[in-house]
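Structure first, then comments.
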Amino acid sequence: MKEDNLILRVLKFATAKGEFTFSELCDEISPDDVEKEQLKLQIHYKDILCHNNDNFIHQVDTKEIKLFAKVEDHFRLLKYQELKEARKSSALATTFASAALVVSIVATVCSIFFSYSTQKSDINIPDKLYSVLANASKNDDKRNKDLLKKIGEYSVNKNDIALIKEIVNQLSKIEANTSIQSFQGTSWNDFLFNYREREKINIQSEP
């Protein structure tokens, strides 16, 4: 509905005024001759506004008949105002939604562009990262050497296999507590050395 609509102008004037005459209404809204005749009929049949004269259409030009807005007229204007505000809010929401959509599209395009440019460009690794990797490599080498050293302490020479069999047989003849206390905490090489020295002593002590 346009702001200059006849009914809307009548409702705005009538709801703002408590009581008025038809001539006062026409002075305010300035209807043309056709609109004035239409308005007389609508007021006469009480489609709009209210009055106490049953012969309004014939006496309106000769008598000052008091008019006033009905309750329904107030609700008509209120509904129009609510509809107007709803349309304004809808238009504002549509504007924000369109702006958000544009921002989303721009962000997506920028993301694709930067991703593509990153794939094409060289990767720069900081010098500090190189030093960290070098230190980690040195530490790994040290740990590997220590591990190989420990493994070497427990490695068995092929020439010692026969000797191991003999040691097993001899240990079965020695008391458990004595063997444990004698060889506990020694490496494999120390164990072989101690065993050989023990055997030399035993051979020398024999008659």
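A note on labels: chains of the structure tokens are A, B, ... as shown, every chain counts residues from 1, and ligands are counted from 1 in their shown order.
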Which polymer residues have any atom within 8 Å of an atom of range 15-25 of chain A, counting only C-alpha atoms, with same-chain residues fewer than 4 positions away left out, as a PyMOL selection string?
chain A and resi 10-11+29+60+64-69+73-74
Grab the residues selected above and save them as a PDB file, in the first residue's frame with C-alpha atoms.
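Contents of the output file selection29.pdb:
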```
ATOM      1  CA  VAL A  10      -7.944   8.734   6.539  1.00  0.00           C
ATOM      2  CA  LEU A  11      -6.773   6.166   9.119  1.00  0.00           C
ATOM      3  CA  ILE A  29      -6.307  14.721   3.377  1.00  0.00           C
ATOM      4  CA  VAL A  60     -23.113  15.422   5.485  1.00  0.00           C
ATOM      5  CA  GLU A  64     -21.770  18.940  11.022  1.00  0.00           C
ATOM      6  CA  ILE A  65     -21.822  15.231  11.778  1.00  0.00           C
ATOM      7  CA  LYS A  66     -19.167  14.090  14.234  1.00  0.00           C
ATOM      8  CA  LEU A  67     -16.901  11.262  13.115  1.00  0.00           C
ATOM      9  CA  PHE A  68     -14.340   9.172  15.019  1.00  0.00           C
ATOM     10  CA  ALA A  69     -12.163   6.147  14.383  1.00  0.00           C
ATOM     11  CA  ASP A  73      -9.575   1.307  12.249  1.00  0.00           C
ATOM     12  CA  HIS A  74      -6.827   1.417  14.873  1.00  0.00           C
TER      13      HIS A  74
END
```
One decimal, in Å: what's the spacing between CA of Ser30 in chain A and CA of Leu8 in chain A?
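We find that CA of Ser30 in chain A and CA of Leu8 in chain A lie 12.9 Å from each other.
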Got a sec: who's within 12 Å of Asn55 in chain A, counting only C-alpha atoms, leaving out chain neighbours fewer than 6 positions off, as a list in words?
Lys40, Leu41, Ile43, His44, Tyr45, Lys46, Asp61, Thr62, Lys63 and Ile65 of chain A
Provide the CA of Gln81 in chain A to CA of Ile48 in chain A distance in Å, to one decimal place.
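So the answer is 17.8 Å.
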Expressed in Å, the length from CA of Ser89 in chain A to CA of Thr108 in chain A is 28.4 Å
When DSSP works through the backbone of this structure, what residues of range 14-132 of chain A end up as strand (DSSP E or B), shown as a PyMOL selection string?
chain A and resi 20+50+67-68
